[in-house]
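S.K.: upload_4.tsv is the file, holding TSV, N, CA and C atoms:
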```tsv
chain	number	residue	atom	x	y	z
D	1	PRO	N	98.33	89.35	93.24
D	1	PRO	CA	97.63	89.44	94.51
D	1	PRO	C	97.80	90.82	95.13
D	2	THR	N	96.83	91.21	95.90
D	2	THR	CA	96.84	92.50	96.57
D	2	THR	C	96.97	92.26	98.06
D	3	HIS	N	97.87	93.00	98.68
D	3	HIS	CA	98.07	92.86	100.12
D	3	HIS	C	97.80	94.21	100.78
D	4	HIS	N	96.92	94.23	101.77
D	4	HIS	CA	96.68	95.42	102.56
D	4	HIS	C	97.36	95.22	103.90
D	5	THR	N	98.27	96.09	104.24
D	5	THR	CA	98.91	96.00	105.54
D	5	THR	C	99.06	97.39	106.13
D	6	THR	N	98.98	97.45	107.42
D	6	THR	CA	99.25	98.69	108.12
D	6	THR	C	100.67	98.58	108.65
D	7	SER	N	101.48	99.58	108.34
D	7	SER	CA	102.86	99.58	108.78
D	7	SER	C	103.25	101.02	109.07
D	8	PRO	N	104.43	101.23	109.65
D	8	PRO	CA	104.87	102.61	109.88
D	8	PRO	C	104.94	103.42	108.59
D	9	LEU	N	105.19	102.76	107.47
D	9	LEU	CA	105.24	103.47	106.20
D	9	LEU	C	103.86	103.67	105.58
D	10	ASN	N	102.88	102.96	106.09
D	10	ASN	CA	101.52	103.07	105.57
D	10	ASN	C	100.54	103.05	106.74
D	11	PRO	N	100.63	104.03	107.65
D	11	PRO	CA	99.83	103.99	108.87
D	11	PRO	C	98.34	104.11	108.62
D	12	HIS	N	97.94	104.66	107.51
D	12	HIS	CA	96.52	104.85	107.23
D	12	HIS	C	95.97	103.77	106.31
D	13	ASN	N	96.75	102.73	106.10
D	13	ASN	CA	96.36	101.59	105.27
D	13	ASN	C	95.86	102.07	103.90
D	14	LEU	N	96.69	102.88	103.23
D	14	LEU	CA	96.35	103.37	101.90
D	14	LEU	C	96.23	102.21	100.94
D	15	PRO	N	95.46	102.38	99.87
D	15	PRO	CA	95.33	101.29	98.90
D	15	PRO	C	96.68	100.91	98.31
D	16	PRO	N	96.88	99.64	98.03
D	16	PRO	CA	98.14	99.20	97.45
D	16	PRO	C	98.23	99.63	95.99
D	17	PHE	N	99.41	99.60	95.46
D	17	PHE	CA	99.60	99.86	94.04
D	17	PHE	C	99.29	98.57	93.30
D	18	ARG	N	98.64	98.71	92.18
D	18	ARG	CA	98.27	97.53	91.39
D	18	ARG	C	98.76	97.70	89.97
D	19	LEU	N	99.08	96.60	89.37
D	19	LEU	CA	99.49	96.58	87.98
D	19	LEU	C	98.74	95.45	87.30
D	20	ASP	N	97.99	95.79	86.28
D	20	ASP	CA	97.29	94.77	85.50
D	20	ASP	C	98.14	94.45	84.28
D	21	PRO	N	98.89	93.35	84.31
D	21	PRO	CA	99.77	93.05	83.19
D	21	PRO	C	99.01	92.75	81.90
D	22	HIS	N	97.70	92.58	81.99
D	22	HIS	CA	96.90	92.28	80.81
D	22	HIS	C	96.43	93.55	80.10
D	23	ALA	N	96.71	94.72	80.66
D	23	ALA	CA	96.30	95.97	80.03
D	23	ALA	C	97.07	96.16	78.72
D	24	PRO	N	96.36	96.41	77.63
D	24	PRO	CA	97.04	96.57	76.33
D	24	PRO	C	98.10	97.67	76.34
D	25	ARG	N	97.91	98.71	77.15
D	25	ARG	CA	98.87	99.82	77.17
D	25	ARG	C	100.22	99.39	77.73
D	26	LEU	N	100.30	98.22	78.35
D	26	LEU	CA	101.55	97.75	78.93
D	26	LEU	C	102.22	96.67	78.08
D	27	ALA	N	101.73	96.45	76.89
D	27	ALA	CA	102.27	95.38	76.03
D	27	ALA	C	103.76	95.55	75.76
D	28	TYR	N	104.26	96.79	75.79
D	28	TYR	CA	105.69	97.03	75.53
D	28	TYR	C	106.59	96.37	76.57
D	29	LEU	N	106.05	96.06	77.74
D	29	LEU	CA	106.88	95.44	78.79
D	29	LEU	C	107.47	94.11	78.33
D	30	TRP	N	106.77	93.41	77.44
D	30	TRP	CA	107.25	92.10	76.99
D	30	TRP	C	108.44	92.22	76.05
D	31	ASP	N	108.81	93.44	75.69
D	31	ASP	CA	110.02	93.64	74.88
D	31	ASP	C	111.28	93.54	75.71
D	32	HIS	N	111.15	93.56	77.05
D	32	HIS	CA	112.31	93.49	77.94
D	32	HIS	C	112.55	92.03	78.28
D	33	VAL	N	113.48	91.43	77.56
D	33	VAL	CA	113.74	89.98	77.69
D	33	VAL	C	115.16	89.77	78.20
D	34	VAL	N	115.28	88.93	79.21
D	34	VAL	CA	116.57	88.57	79.77
D	34	VAL	C	116.65	87.04	79.79
D	35	ALA	N	117.67	86.49	79.18
D	35	ALA	CA	117.87	85.04	79.12
D	35	ALA	C	116.62	84.33	78.59
D	36	GLY	N	115.97	84.96	77.60
D	36	GLY	CA	114.82	84.33	76.96
D	36	GLY	C	113.49	84.51	77.68
D	37	ALA	N	113.46	85.21	78.81
D	37	ALA	CA	112.23	85.39	79.56
D	37	ALA	C	111.90	86.89	79.67
D	38	ALA	N	110.61	87.21	79.50
D	38	ALA	CA	110.17	88.59	79.67
D	38	ALA	C	110.12	88.90	81.17
D	39	VAL	N	110.82	89.96	81.56
D	39	VAL	CA	110.87	90.34	82.97
D	39	VAL	C	110.51	91.82	83.10
D	40	LEU	N	109.97	92.17	84.24
D	40	LEU	CA	109.66	93.58	84.52
D	40	LEU	C	110.98	94.33	84.60
D	41	PRO	N	111.12	95.44	83.86
D	41	PRO	CA	112.37	96.19	83.89
D	41	PRO	C	112.66	96.74	85.29
D	42	GLY	N	113.94	96.79	85.63
D	42	GLY	CA	114.33	97.32	86.94
D	42	GLY	C	113.84	98.73	87.16
D	43	ALA	N	113.77	99.54	86.11
D	43	ALA	CA	113.27	100.91	86.24
D	43	ALA	C	111.83	100.93	86.76
D	44	ALA	N	111.06	99.92	86.43
D	44	ALA	CA	109.67	99.86	86.90
D	44	ALA	C	109.63	99.67	88.42
D	45	PHE	N	110.54	98.85	88.96
D	45	PHE	CA	110.63	98.69	90.41
D	45	PHE	C	110.93	100.03	91.07
D	46	LEU	N	111.87	100.78	90.48
D	46	LEU	CA	112.24	102.07	91.04
D	46	LEU	C	111.09	103.06	90.96
D	47	GLU	N	110.40	103.10	89.84
D	47	GLU	CA	109.25	103.99	89.68
D	47	GLU	C	108.17	103.67	90.71
D	48	MET	N	107.89	102.38	90.91
D	48	MET	CA	106.88	102.01	91.90
D	48	MET	C	107.31	102.39	93.30
D	49	SER	N	108.60	102.23	93.60
D	49	SER	CA	109.11	102.60	94.92
D	49	SER	C	108.96	104.09	95.17
D	50	LEU	N	109.33	104.89	94.17
D	50	LEU	CA	109.20	106.34	94.32
D	50	LEU	C	107.75	106.77	94.41
D	51	ALA	N	106.87	106.15	93.62
D	51	ALA	CA	105.45	106.49	93.68
D	51	ALA	C	104.87	106.15	95.04
D	52	ALA	N	105.25	105.00	95.59
D	52	ALA	CA	104.77	104.63	96.92
D	52	ALA	C	105.28	105.61	97.97
D	53	THR	N	106.52	106.03	97.84
D	53	THR	CA	107.10	106.98	98.78
D	53	THR	C	106.36	108.31	98.73
D	54	HIS	N	106.10	108.80	97.55
D	54	HIS	CA	105.39	110.07	97.41
D	54	HIS	C	103.96	109.97	97.92
D	55	THR	N	103.37	108.80	97.87
D	55	THR	CA	102.02	108.61	98.36
D	55	THR	C	101.98	108.58	99.89
D	56	THR	N	103.00	108.02	100.51
D	56	THR	CA	102.98	107.83	101.96
D	56	THR	C	103.63	108.95	102.75
D	57	LEU	N	104.49	109.74	102.11
D	57	LEU	CA	105.15	110.84	102.83
D	57	LEU	C	104.30	112.10	102.78
D	58	PRO	N	104.49	113.00	103.75
D	58	PRO	CA	103.75	114.26	103.72
D	58	PRO	C	104.06	115.05	102.45
D	59	ALA	N	103.09	115.81	101.99
D	59	ALA	CA	103.23	116.57	100.74
D	59	ALA	C	104.39	117.56	100.80
D	60	ARG	N	104.76	118.00	101.98
D	60	ARG	CA	105.84	119.00	102.09
D	60	ARG	C	107.23	118.39	101.88
D	61	THR	N	107.32	117.08	101.75
D	61	THR	CA	108.60	116.43	101.49
D	61	THR	C	109.05	116.79	100.09
D	62	ALA	N	110.15	117.52	100.00
D	62	ALA	CA	110.58	118.06	98.70
D	62	ALA	C	111.35	117.05	97.86
D	63	THR	N	112.26	116.32	98.46
D	63	THR	CA	113.14	115.45	97.68
D	63	THR	C	113.15	114.05	98.28
D	64	VAL	N	113.06	113.09	97.41
D	64	VAL	CA	113.12	111.68	97.82
D	64	VAL	C	114.14	111.01	96.93
D	65	GLY	N	114.97	110.16	97.52
D	65	GLY	CA	115.96	109.43	96.75
D	65	GLY	C	116.01	107.98	97.19
D	66	LEU	N	116.51	107.16	96.33
D	66	LEU	CA	116.70	105.75	96.65
D	66	LEU	C	118.19	105.46	96.64
D	67	GLN	N	118.65	104.69	97.62
D	67	GLN	CA	120.06	104.32	97.69
D	67	GLN	C	120.17	102.83	97.97
D	68	GLY	N	121.23	102.25	97.48
D	68	GLY	CA	121.52	100.85	97.80
D	68	GLY	C	120.45	99.88	97.33
D	69	VAL	N	119.80	100.19	96.23
D	69	VAL	CA	118.73	99.33	95.72
D	69	VAL	C	119.32	98.06	95.15
D	70	ARG	N	118.75	96.93	95.56
D	70	ARG	CA	119.15	95.62	95.02
D	70	ARG	C	117.90	94.88	94.62
D	71	ILE	N	117.87	94.44	93.41
D	71	ILE	CA	116.77	93.59	92.94
D	71	ILE	C	117.33	92.18	92.94
D	72	THR	N	116.87	91.37	93.87
D	72	THR	CA	117.48	90.06	94.09
D	72	THR	C	116.87	88.95	93.23
D	73	ALA	N	115.71	89.23	92.65
D	73	ALA	CA	115.09	88.21	91.80
D	73	ALA	C	114.24	88.92	90.75
D	74	PRO	N	114.19	88.38	89.55
D	74	PRO	CA	113.37	89.02	88.52
D	74	PRO	C	111.88	88.78	88.77
D	75	LEU	N	111.08	89.70	88.28
D	75	LEU	CA	109.64	89.50	88.27
D	75	LEU	C	109.29	89.08	86.85
D	76	LEU	N	109.04	87.77	86.68
D	76	LEU	CA	108.74	87.23	85.35
D	76	LEU	C	107.33	87.63	84.94
D	77	LEU	N	107.21	88.06	83.70
D	77	LEU	CA	105.90	88.41	83.16
D	77	LEU	C	105.24	87.15	82.60
D	78	PRO	N	103.89	87.10	82.64
D	78	PRO	CA	103.22	85.90	82.10
D	78	PRO	C	103.45	85.80	80.60
D	79	PRO	N	103.39	84.59	80.08
D	79	PRO	CA	103.61	84.42	78.63
D	79	PRO	C	102.54	85.16	77.83
D	80	LEU	N	102.89	85.51	76.59
D	80	LEU	CA	101.95	86.16	75.69
D	80	LEU	C	101.13	85.11	74.94
D	81	ALA	N	99.89	85.44	74.70
D	81	ALA	CA	99.02	84.59	73.86
D	81	ALA	C	99.39	84.80	72.40
D	82	PRO	N	98.96	83.94	71.51
D	82	PRO	CA	99.25	84.14	70.08
D	82	PRO	C	98.81	85.51	69.57
D	83	SER	N	97.79	86.09	70.20
D	83	SER	CA	97.30	87.41	69.78
D	83	SER	C	98.25	88.52	70.17
D	84	GLY	N	99.25	88.20	71.01
D	84	GLY	CA	100.18	89.21	71.49
D	84	GLY	C	99.77	89.80	72.82
D	85	ALA	N	98.65	89.35	73.36
D	85	ALA	CA	98.19	89.83	74.66
D	85	ALA	C	98.69	88.89	75.74
D	86	PRO	N	98.93	89.40	76.96
D	86	PRO	CA	99.34	88.50	78.05
D	86	PRO	C	98.27	87.44	78.31
D	87	THR	N	98.68	86.25	78.63
D	87	THR	CA	97.72	85.19	78.93
D	87	THR	C	97.23	85.35	80.36
D	88	PRO	N	95.93	85.17	80.59
D	88	PRO	CA	95.41	85.25	81.96
D	88	PRO	C	96.02	84.15	82.81
D	89	THR	N	96.25	84.47	84.09
D	89	THR	CA	96.80	83.46	84.99
D	89	THR	C	95.76	83.01	85.97
```
What would you get if you wrote out this structure as structure tokens?
M.R.:
Amino acid sequence: PTHHTTSPLNPHNLPPFRLDPHAPRLAYLWDHVVAGAAVLPGAAFLEMSLAATHTTLPARTATVGLQGVRITAPLLLPPLAPSGAPTPT
């Protein structure tokens, strides 16, 4: 789902970031398995956070860092079809 919200971090209501898990170029994500379930790697959460920060902050912002990051729940990926492609949900 896509959520559009205006907030202090997104005052101009910039488009949200989207990920199409059915894109063939992302098939490698299903190699990250924890306790038998394919989950989005934690590094992907960090990459999305940094990308969102760079999109919402002024261009003159030189350095951005993340601190105290906690991922409290996994983002489970949809099961793969027999063809190896993600199944539509």
S.K.: Here's a test: counting only C-alpha atoms, identify every protein, DNA and RNA residue with an atom at most 12 Å from (116.2, 94.8, 82.9) in the file's coordinate frame, and state them as a list of chain:residue names.
M.R.: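 Residues found, by chain and rising number: D:Leu29, D:Trp30, D:Asp31, D:His32, D:Val33, D:Val34, D:Ala35, D:Ala37, D:Ala38, D:Val39, D:Leu40, D:Pro41, D:Gly42, D:Ala43, D:Ala44, D:Phe45, D:Leu46, D:Ile71, D:Ala73, D:Pro74, D:Leu75, D:Leu76.
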S.K.: Measure the distance from atom C of D:Leu66 to atom C of D:His54 in Å and round it to one decimal.
M.R.: 15.0 Å
S.K.: Separation of atom CA of D:Glu47 and atom CA of D:Arg70, in Å?
M.R.: 14.0 Å
S.K.: Can you measure atom CA of D:Thr53 to atom N of D:Gln67 for me? One decimal in Å is fine.
M.R.: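 Result for atom CA of D:Thr53 versus atom N of D:Gln67: 11.8 Å, one decimal.
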S.K.: Would you mind telling me which residue in D:Gly36, D:Arg25, D:Met48, D:Thr56 lies nearest to D:Leu77 when using only C-alpha atoms?
M.R.: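 Of all the options, D:Gly36 lies closest to D:Leu77.
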S.K.: With 4 Å on each side, where is the centre of the axis-aligned box around all listed atoms of stretch 30-38 of chain D, and how long are its edges in Å to one decimal, as JSON?
M.R.:
```
{"center_x": 112.3, "center_y": 89.0, "center_z": 78.0, "size_x": 19.1, "size_y": 17.3, "size_z": 14.3}
```
S.K.: Could you model N, CA, C and O atoms for stretch 40-60 of chain D and present them as a PDB file, in the frame of the given file?
M.R.:
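Resulting contents of selection16.pdb:
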```
ATOM      1  N   LEU D  40     109.970  92.170  84.240  1.00  0.00           N
ATOM      2  CA  LEU D  40     109.660  93.580  84.520  1.00  0.00           C
ATOM      3  C   LEU D  40     110.980  94.330  84.600  1.00  0.00           C
ATOM      4  O   LEU D  40     111.891  93.935  85.337  1.00  0.00           O
ATOM      5  N   PRO D  41     111.120  95.440  83.860  1.00  0.00           N
ATOM      6  CA  PRO D  41     112.370  96.190  83.890  1.00  0.00           C
ATOM      7  C   PRO D  41     112.660  96.740  85.290  1.00  0.00           C
ATOM      8  O   PRO D  41     111.746  97.107  86.033  1.00  0.00           O
ATOM      9  N   GLY D  42     113.940  96.790  85.630  1.00  0.00           N
ATOM     10  CA  GLY D  42     114.330  97.320  86.940  1.00  0.00           C
ATOM     11  C   GLY D  42     113.840  98.730  87.160  1.00  0.00           C
ATOM     12  O   GLY D  42     113.489  99.106  88.289  1.00  0.00           O
ATOM     13  N   ALA D  43     113.770  99.540  86.110  1.00  0.00           N
ATOM     14  CA  ALA D  43     113.270 100.910  86.240  1.00  0.00           C
ATOM     15  C   ALA D  43     111.830 100.930  86.760  1.00  0.00           C
ATOM     16  O   ALA D  43     111.440 101.854  87.475  1.00  0.00           O
ATOM     17  N   ALA D  44     111.060  99.920  86.430  1.00  0.00           N
ATOM     18  CA  ALA D  44     109.670  99.860  86.900  1.00  0.00           C
ATOM     19  C   ALA D  44     109.630  99.670  88.420  1.00  0.00           C
ATOM     20  O   ALA D  44     108.798 100.261  89.104  1.00  0.00           O
ATOM     21  N   PHE D  45     110.540  98.850  88.960  1.00  0.00           N
ATOM     22  CA  PHE D  45     110.630  98.690  90.410  1.00  0.00           C
ATOM     23  C   PHE D  45     110.930 100.030  91.070  1.00  0.00           C
ATOM     24  O   PHE D  45     110.342 100.390  92.093  1.00  0.00           O
ATOM     25  N   LEU D  46     111.870 100.780  90.480  1.00  0.00           N
ATOM     26  CA  LEU D  46     112.240 102.070  91.040  1.00  0.00           C
ATOM     27  C   LEU D  46     111.090 103.060  90.960  1.00  0.00           C
ATOM     28  O   LEU D  46     110.828 103.804  91.913  1.00  0.00           O
ATOM     29  N   GLU D  47     110.400 103.100  89.840  1.00  0.00           N
ATOM     30  CA  GLU D  47     109.250 103.990  89.680  1.00  0.00           C
ATOM     31  C   GLU D  47     108.170 103.670  90.710  1.00  0.00           C
ATOM     32  O   GLU D  47     107.585 104.569  91.300  1.00  0.00           O
ATOM     33  N   MET D  48     107.890 102.380  90.910  1.00  0.00           N
ATOM     34  CA  MET D  48     106.880 102.010  91.900  1.00  0.00           C
ATOM     35  C   MET D  48     107.310 102.390  93.300  1.00  0.00           C
ATOM     36  O   MET D  48     106.494 102.847  94.114  1.00  0.00           O
ATOM     37  N   SER D  49     108.600 102.230  93.600  1.00  0.00           N
ATOM     38  CA  SER D  49     109.110 102.600  94.920  1.00  0.00           C
ATOM     39  C   SER D  49     108.960 104.090  95.170  1.00  0.00           C
ATOM     40  O   SER D  49     108.520 104.526  96.226  1.00  0.00           O
ATOM     41  N   LEU D  50     109.330 104.890  94.170  1.00  0.00           N
ATOM     42  CA  LEU D  50     109.200 106.340  94.320  1.00  0.00           C
ATOM     43  C   LEU D  50     107.750 106.770  94.410  1.00  0.00           C
ATOM     44  O   LEU D  50     107.395 107.652  95.197  1.00  0.00           O
ATOM     45  N   ALA D  51     106.870 106.150  93.620  1.00  0.00           N
ATOM     46  CA  ALA D  51     105.450 106.490  93.680  1.00  0.00           C
ATOM     47  C   ALA D  51     104.870 106.150  95.040  1.00  0.00           C
ATOM     48  O   ALA D  51     104.107 106.931  95.619  1.00  0.00           O
ATOM     49  N   ALA D  52     105.250 105.000  95.590  1.00  0.00           N
ATOM     50  CA  ALA D  52     104.770 104.630  96.920  1.00  0.00           C
ATOM     51  C   ALA D  52     105.280 105.610  97.970  1.00  0.00           C
ATOM     52  O   ALA D  52     104.543 105.997  98.884  1.00  0.00           O
ATOM     53  N   THR D  53     106.520 106.030  97.840  1.00  0.00           N
ATOM     54  CA  THR D  53     107.100 106.980  98.780  1.00  0.00           C
ATOM     55  C   THR D  53     106.360 108.310  98.730  1.00  0.00           C
ATOM     56  O   THR D  53     106.004 108.875  99.763  1.00  0.00           O
ATOM     57  N   HIS D  54     106.100 108.800  97.550  1.00  0.00           N
ATOM     58  CA  HIS D  54     105.390 110.070  97.410  1.00  0.00           C
ATOM     59  C   HIS D  54     103.960 109.970  97.920  1.00  0.00           C
ATOM     60  O   HIS D  54     103.391 110.958  98.379  1.00  0.00           O
ATOM     61  N   THR D  55     103.370 108.800  97.870  1.00  0.00           N
ATOM     62  CA  THR D  55     102.020 108.610  98.360  1.00  0.00           C
ATOM     63  C   THR D  55     101.980 108.580  99.890  1.00  0.00           C
ATOM     64  O   THR D  55     101.040 109.063 100.496  1.00  0.00           O
ATOM     65  N   THR D  56     103.000 108.020 100.510  1.00  0.00           N
ATOM     66  CA  THR D  56     102.980 107.830 101.960  1.00  0.00           C
ATOM     67  C   THR D  56     103.630 108.950 102.750  1.00  0.00           C
ATOM     68  O   THR D  56     103.349 109.107 103.922  1.00  0.00           O
ATOM     69  N   LEU D  57     104.490 109.740 102.110  1.00  0.00           N
ATOM     70  CA  LEU D  57     105.150 110.840 102.830  1.00  0.00           C
ATOM     71  C   LEU D  57     104.300 112.100 102.780  1.00  0.00           C
ATOM     72  O   LEU D  57     103.496 112.280 101.877  1.00  0.00           O
ATOM     73  N   PRO D  58     104.490 113.000 103.750  1.00  0.00           N
ATOM     74  CA  PRO D  58     103.750 114.260 103.720  1.00  0.00           C
ATOM     75  C   PRO D  58     104.060 115.050 102.450  1.00  0.00           C
ATOM     76  O   PRO D  58     105.159 114.967 101.899  1.00  0.00           O
ATOM     77  N   ALA D  59     103.090 115.810 101.990  1.00  0.00           N
ATOM     78  CA  ALA D  59     103.230 116.570 100.740  1.00  0.00           C
ATOM     79  C   ALA D  59     104.390 117.560 100.800  1.00  0.00           C
ATOM     80  O   ALA D  59     104.958 117.907  99.785  1.00  0.00           O
ATOM     81  N   ARG D  60     104.760 118.000 101.980  1.00  0.00           N
ATOM     82  CA  ARG D  60     105.840 119.000 102.090  1.00  0.00           C
ATOM     83  C   ARG D  60     107.230 118.390 101.880  1.00  0.00           C
ATOM     84  O   ARG D  60     108.216 119.104 101.842  1.00  0.00           O
TER      85      ARG D  60
END
```
